[in-house]
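Notes to accompany the following structure.
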Amino acid sequence: MTTSLASAIAAKRDDLIALTQDLIRIPTLNPPGQDYRLICEYLDKRLSAHGFETQLIRAHGTPGDCTKYPRWNIIARREGRHAGDCVHFNSHTDVVEVGAGWTFDPFGAEISDGKIYGRGTCDMKGGLAASIIAAEAFIETHPDFAGAIEISGTADEESGGYGGVAYLAEHGYFDPARVQHVIIPEPLNKDRICLGHRGGWWAEIETKGEIAHGSMPFLGDCAVRHMGAVLTEFEDKLFPAMAARWTEMPVVPEGARQSTMNINSIHGGQKEQDDDFTGLPAHCVPDSCRIVIDRRFLVEEPLDQVRGEVTDLLEGLRESRADFDYELTELNSVLPSMTDKNAPVVQTVAKAIEDVMGKPPEYVASPGTYDQKHIDRIGKLKNCIAYGPGVLELAHKPDEWIGIDDMIDSAKVMGAALETLLMPQG
């Protein structure tokens, strides 16, 4: 990259810190989808002041969108002085629940030992801030650039992205005629290029029973015991089968190169009471038990196989276990996505990483899905990667943090990529 741009980004260190802190202090928790409008208005004010044309777009009718928690997104575009490609930086603005175990204020954005702490620092408001600083420094350094730069802040990535990137893709905002290169600053480490992600299949399984008095369980049918049989089948058959499968995708960390499944939740019997309830439970045999499963699958596994092996286990129990009945509801499915290593944005960012950090990048794939799936499948835009600061393993953890130096380095990589893609060569 040019010395002038590197210097301009380094000079914005304090601005980068303040911007990241401001973003963290807006508690955009999802669920339920809190303060989406507030963070979009903040970004609108910031980017408009730097010459971007902005649009605030509500994803009407998408999952979770309602009067109390509207799904707001922002797209900001800065046109260059000459015709050329558009480079789009897409970041989600939502963060997951805080959870227990914090020693820092989750929304305090405190600085300690060169790190900013808080929910969403790593995943991924630090990346959003780095992309903004990179774009602003590039425009100031090269006001005669060609093409266009877009920056988006989108909703609901943590719950599937349907109120964010999926909605925008459906409405043409990621049409390859409009946008040619997409960089998603997810936290995959500053010297890595993420080419794609595994697939996901989410489902709810309910086992059925019959209510009866708890002192006479033989007069009823315990749905929780039926679910115990389901879990035993998973432990004895499904988990060993998944552990034996391995992908050629460069998924990190190592354990995610095999098929996995998480049991997200389990509930059987009576409705859980509010925290202030001080009474005792009634004596009832549970007539329903539900679990939600989160199955992550490999590019080598067809989706029909993923569905089928769960259904086959359940049907086997229906045949072998007395009075066993169940209902399976698919909640969502996402196919794996991978960008070719020879794609223009991959090659450009690879060169930028080598220029800035003095070593070639590592090419990886993500264990979880992110919004590349919608840009790829709905937008039909293949020239898309994830690249950003942050340590992947910190995402969703207590005391989540982002390194300030890492954000600076990533901003320089993003700036160098803009120089290659939007400046006349030679």
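The chains in the structure tokens are called A, B, ... from first to last as shown; in each chain the residues are counted from 1, and the ligands are counted from 1 in the order shown.
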
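Once stretch 288-295 of chain A and its same-chain neighbours fewer than 3 positions away are set aside, Gly200, Trp201, Trp202, Ala203, Glu204, Ile205, Glu206, Thr207, Lys208, Gly209, Ala223, Val224, Met261, Asn262, Ile263, Asn264, Ser265, Ile266, His267, Gly268 and Gly269 of chain A remain within 6 Å of it when counting only C-alpha atoms.
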
Margin query: DSSP on the backbone, strand (DSSP E or B) only: what residues of stretch 87-148 of chain A does that give? Format it as an NGL selection string.
Written below: :A and (87-92 or 95 or 111-112 or 115-117 or 146-148)

Write a file of the selected residues as a compact mmCIF listing (two decimals), in the first residue's frame, keeping all heavy atoms.
# COMPACT_ATOMS: atom_id res chain seq x y z
N VAL A 87 -16.81 -1.64 -4.23
CA VAL A 87 -16.34 -2.49 -3.13
C VAL A 87 -17.26 -2.24 -1.94
O VAL A 87 -17.45 -1.10 -1.52
CB VAL A 87 -14.89 -2.16 -2.74
CG1 VAL A 87 -14.44 -3.05 -1.58
CG2 VAL A 87 -13.96 -2.34 -3.93
N HIS A 88 -17.83 -3.32 -1.41
CA HIS A 88 -18.83 -3.22 -0.35
C HIS A 88 -18.28 -3.89 0.92
O HIS A 88 -17.89 -5.06 0.89
CB HIS A 88 -20.12 -3.90 -0.78
CG HIS A 88 -21.25 -3.78 0.20
ND1 HIS A 88 -22.40 -3.09 -0.08
CD2 HIS A 88 -21.41 -4.26 1.46
CE1 HIS A 88 -23.23 -3.16 0.95
NE2 HIS A 88 -22.64 -3.86 1.91
N PHE A 89 -18.27 -3.15 2.03
CA PHE A 89 -17.95 -3.70 3.34
C PHE A 89 -19.25 -3.91 4.10
O PHE A 89 -19.97 -2.95 4.39
CB PHE A 89 -17.04 -2.75 4.12
CG PHE A 89 -15.68 -2.56 3.53
CD1 PHE A 89 -15.41 -1.46 2.72
CD2 PHE A 89 -14.66 -3.47 3.76
CE1 PHE A 89 -14.16 -1.26 2.17
CE2 PHE A 89 -13.39 -3.29 3.21
CZ PHE A 89 -13.14 -2.18 2.41
N ASN A 90 -19.55 -5.16 4.43
CA ASN A 90 -20.80 -5.48 5.12
C ASN A 90 -20.51 -5.96 6.54
O ASN A 90 -19.78 -6.92 6.73
CB ASN A 90 -21.59 -6.55 4.38
CG ASN A 90 -22.68 -7.14 5.26
OD1 ASN A 90 -22.61 -8.31 5.63
ND2 ASN A 90 -23.67 -6.35 5.63
N SER A 91 -21.11 -5.30 7.52
CA SER A 91 -20.98 -5.72 8.92
C SER A 91 -22.35 -5.81 9.56
O SER A 91 -23.20 -4.94 9.34
CB SER A 91 -20.13 -4.72 9.71
OG SER A 91 -18.81 -4.63 9.22
N HIS A 92 -22.55 -6.83 10.37
CA HIS A 92 -23.80 -6.88 11.12
C HIS A 92 -23.65 -6.07 12.41
O HIS A 92 -22.56 -5.99 13.00
CB HIS A 92 -24.22 -8.32 11.41
CG HIS A 92 -23.33 -9.11 12.33
ND1 HIS A 92 -23.42 -9.04 13.70
CD2 HIS A 92 -22.35 -10.02 12.07
CE1 HIS A 92 -22.55 -9.86 14.26
NE2 HIS A 92 -21.87 -10.46 13.28
N VAL A 95 -25.63 -8.04 18.34
CA VAL A 95 -24.76 -8.83 19.22
C VAL A 95 -25.61 -9.82 19.99
O VAL A 95 -26.81 -9.63 20.17
CB VAL A 95 -23.97 -7.93 20.19
CG1 VAL A 95 -23.14 -6.91 19.43
CG2 VAL A 95 -24.88 -7.22 21.19
N ILE A 111 -10.93 0.02 28.05
CA ILE A 111 -9.64 -0.30 27.44
C ILE A 111 -8.70 -0.82 28.52
O ILE A 111 -8.58 -0.22 29.59
CB ILE A 111 -9.03 0.93 26.76
CG1 ILE A 111 -9.94 1.41 25.62
CG2 ILE A 111 -7.64 0.62 26.22
CD1 ILE A 111 -9.47 2.69 24.95
N SER A 112 -8.05 -1.93 28.23
CA SER A 112 -7.05 -2.49 29.14
C SER A 112 -6.02 -3.25 28.32
O SER A 112 -6.37 -4.10 27.49
CB SER A 112 -7.72 -3.44 30.15
OG SER A 112 -6.75 -4.04 31.00
N LYS A 115 -6.47 -3.47 24.55
CA LYS A 115 -7.67 -4.17 24.08
C LYS A 115 -8.90 -3.38 24.51
O LYS A 115 -8.91 -2.79 25.59
CB LYS A 115 -7.74 -5.58 24.67
CG LYS A 115 -6.54 -6.46 24.37
CD LYS A 115 -6.58 -7.73 25.21
CE LYS A 115 -5.35 -8.59 24.97
NZ LYS A 115 -5.32 -9.77 25.88
N ILE A 116 -9.93 -3.42 23.68
CA ILE A 116 -11.23 -2.86 24.04
C ILE A 116 -12.15 -4.03 24.37
O ILE A 116 -12.29 -4.97 23.58
CB ILE A 116 -11.83 -2.03 22.90
CG1 ILE A 116 -10.86 -0.93 22.44
CG2 ILE A 116 -13.16 -1.42 23.34
CD1 ILE A 116 -11.35 -0.14 21.25
N TYR A 117 -12.76 -3.99 25.55
CA TYR A 117 -13.60 -5.08 26.02
C TYR A 117 -15.08 -4.72 25.88
O TYR A 117 -15.47 -3.57 26.10
CB TYR A 117 -13.31 -5.39 27.49
CG TYR A 117 -12.01 -6.13 27.70
CD1 TYR A 117 -10.80 -5.45 27.77
CD2 TYR A 117 -11.99 -7.52 27.81
CE1 TYR A 117 -9.60 -6.13 27.97
CE2 TYR A 117 -10.81 -8.21 28.00
CZ TYR A 117 -9.62 -7.51 28.08
OH TYR A 117 -8.45 -8.20 28.25
N ALA A 146 -11.70 5.74 -8.53
CA ALA A 146 -12.73 5.28 -9.46
C ALA A 146 -13.69 4.33 -8.76
O ALA A 146 -13.36 3.72 -7.74
CB ALA A 146 -12.09 4.59 -10.65
N GLY A 147 -14.88 4.18 -9.33
CA GLY A 147 -15.84 3.22 -8.80
C GLY A 147 -16.62 3.76 -7.63
O GLY A 147 -17.01 4.92 -7.59
N ALA A 148 -16.86 2.91 -6.63
CA ALA A 148 -17.66 3.30 -5.48
C ALA A 148 -17.29 2.45 -4.28
O ALA A 148 -16.82 1.32 -4.42
CB ALA A 148 -19.15 3.17 -5.78

Item checked: Nearest candidate to A:Val356 (options A:Met1, A:Gly101, A:Ala229, A:Gly279; using only C-alpha atoms) -> A:Met1

Next item on the list: Identify all residues of stretch 305-346 of chain A in alpha helix (DSSP H) (DSSP on the backbone) and supply them as a VMD selection string.
Entry: chain A and resid 305 to 320 344 to 346

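Using only C-alpha atoms, the protein and nucleic acid residues lying no more than 9 Å from A:Arg178, apart from those fewer than 5 places from it along its own chain, are A:Asp85, A:Cys86, A:Gly172, A:Tyr173.
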
Go ahead and save the residues from that selection, with N, CA and C atoms, as an mmCIF file, in the first residue's frame.
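Result went into again_13.cif, see below:
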data_model
loop_
_atom_site.group_PDB
_atom_site.id
_atom_site.type_symbol
_atom_site.label_atom_id
_atom_site.label_comp_id
_atom_site.auth_asym_id
_atom_site.auth_seq_id
_atom_site.Cartn_x
_atom_site.Cartn_y
_atom_site.Cartn_z
ATOM 1 N N ASP A 85 -15.448 -0.378 -10.391
ATOM 2 C CA ASP A 85 -16.135 -1.364 -9.562
ATOM 3 C C ASP A 85 -16.600 -0.755 -8.245
ATOM 4 N N CYS A 86 -17.530 -1.461 -7.610
ATOM 5 C CA CYS A 86 -17.976 -1.098 -6.271
ATOM 6 C C CYS A 86 -17.446 -2.130 -5.277
ATOM 7 N N GLY A 172 -32.164 -6.524 -4.306
ATOM 8 C CA GLY A 172 -31.206 -6.137 -5.335
ATOM 9 C C GLY A 172 -29.968 -5.391 -4.884
ATOM 10 N N TYR A 173 -29.774 -5.239 -3.586
ATOM 11 C CA TYR A 173 -28.632 -4.431 -3.125
ATOM 12 C C TYR A 173 -27.288 -5.157 -3.281
#

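Atom pair atom CA of A:Ser215 / atom CA of A:Gln270 has a distance of 15.8 Å (rounded to one decimal).
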
Closest pair table for stretch 92-127 of chain A residues within 6 Å of stretch 14-38 of chain A, only C-alpha atoms, as a tab-separated table:
residue	atom	partner	partner_atom	distance
A:Asp94	CA	A:Thr28	CA	5.1
A:Val95	CA	A:Leu29	CA	5.1
A:Val96	CA	A:Asn30	CA	5.5
A:Phe107	CA	A:Arg25	CA	5.0
A:Ala109	CA	A:Gln21	CA	5.1
A:Gly126	CA	A:Thr20	CA	5.8

Checklist line | Shell around A:Leu314 at 9 Å using only C-alpha atoms, local window under 5 positions removed, as a ChimeraX atom specification | finding: /A:230,233,309,319,325-326

So that I have them on file, write out the residues from the current selection with N, CA and C atoms, as a compact mmCIF listing (two decimals), in the first residue's frame.
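As a result, again_2.txt now contains:
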# COMPACT_ATOMS: atom_id res chain seq x y z
N VAL A 230 -34.64 -40.67 22.53
CA VAL A 230 -34.10 -39.96 21.37
C VAL A 230 -32.64 -39.57 21.62
N GLU A 233 -30.33 -42.51 21.30
CA GLU A 233 -30.07 -42.84 19.90
C GLU A 233 -29.03 -41.89 19.30
N GLU A 309 -31.00 -38.76 8.25
CA GLU A 309 -30.46 -39.60 9.31
C GLU A 309 -31.14 -39.32 10.65
N GLU A 319 -41.09 -47.45 15.61
CA GLU A 319 -41.35 -48.87 15.38
C GLU A 319 -40.97 -49.73 16.58
N ASP A 325 -44.29 -41.36 19.95
CA ASP A 325 -44.79 -40.49 18.89
C ASP A 325 -44.00 -39.19 18.94
N TYR A 326 -43.81 -38.58 17.80
CA TYR A 326 -42.99 -37.37 17.74
C TYR A 326 -43.47 -36.46 16.62

Note to self: Please list as an MDAnalysis selection string every residue within 7 Å of A:Gln55, counting only C-alpha atoms and excluding residues in the same chain fewer than 6 positions away.
What the structure shows: chainID A and resid 74:76

File dump, residues just selected, N, CA and C atoms, as an mmCIF file, in the first residue's frame:
data_model
loop_
_atom_site.group_PDB
_atom_site.id
_atom_site.type_symbol
_atom_site.label_atom_id
_atom_site.label_comp_id
_atom_site.auth_asym_id
_atom_site.auth_seq_id
_atom_site.Cartn_x
_atom_site.Cartn_y
_atom_site.Cartn_z
ATOM 1 N N ILE A 74 -28.661 -0.069 7.396
ATOM 2 C CA ILE A 74 -28.162 1.117 6.706
ATOM 3 C C ILE A 74 -27.199 0.689 5.603
ATOM 4 N N ILE A 75 -27.334 1.341 4.446
ATOM 5 C CA ILE A 75 -26.357 1.220 3.367
ATOM 6 C C ILE A 75 -25.880 2.625 3.028
ATOM 7 N N ALA A 76 -24.572 2.806 3.052
ATOM 8 C CA ALA A 76 -23.960 4.101 2.715
ATOM 9 C C ALA A 76 -23.069 3.901 1.494
#

Item checked: Using only C-alpha atoms: which of A:Met227, A:Ala212, A:Cys384, A:Ala350 has the shortest distance to A:Ala282 -> A:Ala212

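Going from atom CA of A:Arg71 to atom CA of A:Ala59 covers 5.4 Å.
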
Margin query: Calculated over only C-alpha atoms, which of the candidates A:Glu97, A:Glu170, A:Asp405, A:Glu79 has the smallest distance to A:Phe145?
Written below: A:Glu79

Notebook entry, point to check: Can you list, as number ranges by chain, every protein, DNA or RNA residue that comes within 10 Å of A:Leu47 when you count only C-alpha atoms, leaving out same-chain residues fewer than 2 positions away?
Noted result: A: 41-45, 49-54, 75-78, 132, 136, 151

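When the distance limit is 7 Å and only C-alpha atoms are what count, the residues near stretch 363-380 of chain A, minus those fewer than 5 positions from it on the same chain, are Glu157, Gly161, Val165, Ala166, Ala169, Glu170, Phe174, Asp175, Arg192, Ile193, Cys194, Leu195, Gly196, His197, Arg198, Gly199, Met249, Pro250, Val251, Val252, Ala256 and Ser337 of chain A.
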
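The coordinates place atom CA of A:Leu5 at 23.7 Å from atom CA of A:Val179.
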